[in-house]
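Q: Below you will find the structure I want to go over with you.
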Amino acid sequence: MEKKKFEMLAMEYLSGTMGSEERIEFDKFLKTSPEHLQEFNDIHYAWSQIESMETPEPSEEMDSRFYEMLHAQKSKTSEGHKNIGEKIMSVLSGILRPQLAYGLILLCIGLGVGYFMKSNPGIETTTVVNEETEEIRGELVLTLLEQPSANKRLQGVSEANKFKKANDKVIKALLETLNNDPNVNVRLAAIESLTNYLDNPIVREGLVQSIVKQESPIVQVTLADLMVALQEKKSVEPFKKLIRTKELDKSVKEKLETSIHSII
Amino acid sequence: MQALTDNSLMLKVKSGDTDKLGLLYERHKKRLFGFFYNMSGNASLSEDLVQNVFVKILKYKHTFTGEGSFDAWIFKMARNIYYDHFKKYNRKIDVNPLSSIEYKLQDSDDVNAKMDYNDNVVQLRVALGKISQEKREVLVLSKFKEMKFSEIGTILGCSEGAAKVKAHRALKDLKTVFMQMEKI
């Protein structure tokens, strides 16, 4: 067999891209050629070493630096847009002399009439783009909420605040974060984010159910304040249950009792 | 799901929707870090170079056409950044096996297992450091399971067949180095 052909086939074999019939043929060939078999065994050994090579995880600092850079870039872009807007205004102010004003007013009226008279496909396109953006943002939120770094999960919750209308997956992920996240700040941020969707019964029910699962005094107090503000009667029973637990902080206990009283 | 492919996300970044770069970063940061780390053996330098890749993506986003493999595009950029870094600072590329040990020591409990593991890591890193840059990079890229030889060829600027031949010869060199190390 030609040298280059053998080298290519051996790599296909090792990388698992060779078909089963070709593998059988290649095995047969190796049995007939001890020289090629030796070479194959050599590269197989080196390949297995490479395969077992592990790479450490990058640090959280790398993420922070990236998101700082991205944020700075976004600010720069929006400033750029502002500058363009200012430039247009300065050009317009230069040409807005009385003789042009009349013409411009007529043009605006014409455009306005045209806008209302045509069936507007632009709105549909915008809707599709917005839906896509929301979908991508949803993916980003779910990815960020699963990250081991608390900073990243906070970023995920903050992304969730940007939804015009959150989908069920995101709400479920936020409730999951509220109930299970090891970091208090992330749980508090999740409560704040969920308050954007209080008209959704799943969110209200989720918040009520989460009361008994909370061990941090600050989260317990925040939920109590929220329930008082919502006058959520369903929360009374979970609060009573929480008060009965021995480990509860004394001042939190008093706060919960006052809250129950305010709700009833 | 078309809206979520790497190419379509990058096209959105190109059109000014910079937010989408975050998703691309999450998808590719580990493999890019792995590429730089396995090439240089230096974790902090690798993190800097990953950052440089994304800075460069923003700078040259207008050159992205949306055709071909995104992996090939981003790794070609990563490769250029890697070589440019050493050219710019006129540094000799030297794989540092000790850096990888320090990194790994953090999360292992058993001392003996740790020592065995470190021996293997050092042996492999030293061996990789002894083969040429070109051979090391083809092996590092081949290690990524999702990377096809056709993509490796695009990154290295050669055909798919030539990429396979390069990988084969790099493995042969690596085996020779292992044998020399055993004799010492």
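Please note that chains go A, B, ... in the order of the structure tokens, that every chain numbers its residues from 1, and that ligands are numbered from 1 in the order shown.
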Can you check which residues of chain B DSSP gives as alpha helix (DSSP H) on the backbone and send them as a ChimeraX atom specification?

A: /B:6-14,21-40,43-59,70-88,97-105,111-130,133-143,149-156,160-183

Q: Mind checking which residues fall within 12 Å of Phe26 of chain A, counting only C-alpha atoms, ignoring those fewer than 2 positions away in the same chain, and posting them as an NGL selection string?

A: :A and (1 or 5-14 or 18-24 or 28-33 or 36-37 or 40)

Q: Chain A near chain B within 9 Å: what's each residue's closest atom pair and its distance in Å to one decimal, counting only C-alpha atoms, ordered by chain then ascending residue number, as JSON lines?

A:
{"residue": "A:Lys4", "atom": "CA", "partner": "B:Val165", "partner_atom": "CA", "distance": 6.5}
{"residue": "A:Lys5", "atom": "CA", "partner": "B:Val165", "partner_atom": "CA", "distance": 8.5}
{"residue": "A:Phe6", "atom": "CA", "partner": "B:Val165", "partner_atom": "CA", "distance": 8.9}
{"residue": "A:Glu7", "atom": "CA", "partner": "B:Val165", "partner_atom": "CA", "distance": 5.5}
{"residue": "A:Met8", "atom": "CA", "partner": "B:Lys164", "partner_atom": "CA", "distance": 5.2}
{"residue": "A:Leu9", "atom": "CA", "partner": "B:Lys164", "partner_atom": "CA", "distance": 8.4}
{"residue": "A:Ala10", "atom": "CA", "partner": "B:His168", "partner_atom": "CA", "distance": 7.5}
{"residue": "A:Met11", "atom": "CA", "partner": "B:Lys164", "partner_atom": "CA", "distance": 5.9}
{"residue": "A:Glu12", "atom": "CA", "partner": "B:Lys164", "partner_atom": "CA", "distance": 7.7}
{"residue": "A:Ser15", "atom": "CA", "partner": "B:Ser142", "partner_atom": "CA", "distance": 8.1}
{"residue": "A:Thr17", "atom": "CA", "partner": "B:Lys148", "partner_atom": "CA", "distance": 8.9}
{"residue": "A:Glu39", "atom": "CA", "partner": "B:Lys172", "partner_atom": "CA", "distance": 7.8}
{"residue": "A:Asp42", "atom": "CA", "partner": "B:Lys175", "partner_atom": "CA", "distance": 6.2}
{"residue": "A:Ile43", "atom": "CA", "partner": "B:Leu171", "partner_atom": "CA", "distance": 5.2}
{"residue": "A:His44", "atom": "CA", "partner": "B:Leu171", "partner_atom": "CA", "distance": 8.2}
{"residue": "A:Tyr45", "atom": "CA", "partner": "B:Lys175", "partner_atom": "CA", "distance": 7.3}
{"residue": "A:Ala46", "atom": "CA", "partner": "B:Lys175", "partner_atom": "CA", "distance": 5.4}
{"residue": "A:Trp47", "atom": "CA", "partner": "B:Leu171", "partner_atom": "CA", "distance": 6.6}
{"residue": "A:Gln49", "atom": "CA", "partner": "B:Leu124", "partner_atom": "CA", "distance": 7.3}
{"residue": "A:Ile50", "atom": "CA", "partner": "B:Lys143", "partner_atom": "CA", "distance": 6.8}
{"residue": "A:Glu51", "atom": "CA", "partner": "B:Lys143", "partner_atom": "CA", "distance": 6.3}
{"residue": "A:Met53", "atom": "CA", "partner": "B:Val121", "partner_atom": "CA", "distance": 7.5}
{"residue": "A:Glu54", "atom": "CA", "partner": "B:Val121", "partner_atom": "CA", "distance": 8.5}
{"residue": "A:Thr55", "atom": "CA", "partner": "B:Gly34", "partner_atom": "CA", "distance": 5.8}
{"residue": "A:Pro56", "atom": "CA", "partner": "B:Tyr103", "partner_atom": "CA", "distance": 6.9}
{"residue": "A:Glu57", "atom": "CA", "partner": "B:Lys30", "partner_atom": "CA", "distance": 7.0}
{"residue": "A:Pro58", "atom": "CA", "partner": "B:Phe33", "partner_atom": "CA", "distance": 6.8}
{"residue": "A:Ser59", "atom": "CA", "partner": "B:Glu47", "partner_atom": "CA", "distance": 8.0}
{"residue": "A:Glu61", "atom": "CA", "partner": "B:Glu47", "partner_atom": "CA", "distance": 8.8}
{"residue": "A:Met62", "atom": "CA", "partner": "B:Glu47", "partner_atom": "CA", "distance": 6.0}
{"residue": "A:Asp63", "atom": "CA", "partner": "B:Glu26", "partner_atom": "CA", "distance": 8.9}
{"residue": "A:Arg65", "atom": "CA", "partner": "B:Gln51", "partner_atom": "CA", "distance": 7.7}
{"residue": "A:Phe66", "atom": "CA", "partner": "B:Gln51", "partner_atom": "CA", "distance": 6.3}
{"residue": "A:Tyr67", "atom": "CA", "partner": "B:Gly22", "partner_atom": "CA", "distance": 7.6}
{"residue": "A:Met69", "atom": "CA", "partner": "B:Val55", "partner_atom": "CA", "distance": 7.9}
{"residue": "A:Leu70", "atom": "CA", "partner": "B:Thr18", "partner_atom": "CA", "distance": 7.5}
{"residue": "A:His71", "atom": "CA", "partner": "B:Asp19", "partner_atom": "CA", "distance": 8.7}
{"residue": "A:Gln73", "atom": "CA", "partner": "B:Thr18", "partner_atom": "CA", "distance": 7.9}
{"residue": "A:Lys74", "atom": "CA", "partner": "B:Thr18", "partner_atom": "CA", "distance": 6.6}
{"residue": "A:Thr77", "atom": "CA", "partner": "B:Gly16", "partner_atom": "CA", "distance": 8.4}
{"residue": "A:Glu132", "atom": "CA", "partner": "B:Ala3", "partner_atom": "CA", "distance": 6.6}
{"residue": "A:Thr133", "atom": "CA", "partner": "B:Ala3", "partner_atom": "CA", "distance": 8.7}
{"residue": "A:Glu135", "atom": "CA", "partner": "B:Ala3", "partner_atom": "CA", "distance": 8.5}
{"residue": "A:Ile136", "atom": "CA", "partner": "B:Leu4", "partner_atom": "CA", "distance": 6.7}
{"residue": "A:Arg137", "atom": "CA", "partner": "B:Lys20", "partner_atom": "CA", "distance": 8.5}
{"residue": "A:Glu139", "atom": "CA", "partner": "B:Leu23", "partner_atom": "CA", "distance": 8.3}
{"residue": "A:Leu140", "atom": "CA", "partner": "B:Leu23", "partner_atom": "CA", "distance": 6.1}
{"residue": "A:Thr143", "atom": "CA", "partner": "B:Glu26", "partner_atom": "CA", "distance": 8.1}
{"residue": "A:Leu144", "atom": "CA", "partner": "B:Glu26", "partner_atom": "CA", "distance": 8.5}

Q: Determine the nearest neighbour of Val228 of chain A from the options A:Lys169, A:Lys255, A:Lys241, A:Lys246, counting only C-alpha atoms.

A: A:Lys255

Q: Please provide the set of residues having any atom within 7 Å of segment 68-72 of chain B, restricted to only C-alpha atoms, with same-chain residues fewer than 3 positions apart removed, written as a PyMOL selection string.

A: chain B and resi 6-7+75-76+151+154-155

Q: Ranking B:Gln180, B:Thr5, B:Asn42, B:Ser15 by minimum distance to Lys130 of chain B and counting only C-alpha atoms, which one comes first?

A: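 The closest residue to Lys130 of chain B is B:Gln180.
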
Q: For each of B:Glu67, B:Glu182, B:Glu146, B:Glu137, take the minimum atom-to-atom distance to Leu11 of chain B, counting only C-alpha atoms, then give the residue where this is smallest.

A: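 Checking each candidate against Leu11 of chain B, we get B:Glu67 as the closest.
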
Q: For a quick check of understanding, using only C-alpha atoms, which of A:Gln220, A:Asn183, A:Ser158, A:Asn41 has the smallest distance to Ser251 of chain A?

A: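 Checking each candidate against Ser251 of chain A, we get A:Gln220 as the closest.
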
Q: At a cut-off of 10 Å, using only C-alpha atoms, what residues contact Arg244 of chain A? Leave out same-chain residues fewer than 5 positions from it and give the result as a PDB file with N, CA and C atoms, in the first residue's frame.

A:
ATOM      1  N   PRO A 238     -47.978  28.166  54.567  1.00  0.00           N
ATOM      2  CA  PRO A 238     -46.524  27.907  54.542  1.00  0.00           C
ATOM      3  C   PRO A 238     -45.752  28.737  55.580  1.00  0.00           C
ATOM      4  N   PHE A 239     -46.166  29.980  55.790  1.00  0.00           N
ATOM      5  CA  PHE A 239     -45.487  30.801  56.793  1.00  0.00           C
ATOM      6  C   PHE A 239     -45.669  30.210  58.190  1.00  0.00           C
ATOM      7  N   LYS A 253     -39.025  35.217  62.902  1.00  0.00           N
ATOM      8  CA  LYS A 253     -40.286  34.651  63.403  1.00  0.00           C
ATOM      9  C   LYS A 253     -41.292  35.780  63.665  1.00  0.00           C
TER      10      LYS A 253
END

Q: Could you please determine the separation between atom CA of Leu142 of chain A and atom CA of Ile171 of chain A in Å, to one decimal place?

A: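 Taking atom CA of Leu142 of chain A as the start and atom CA of Ile171 of chain A as the end point, the length is 10.1 Å.
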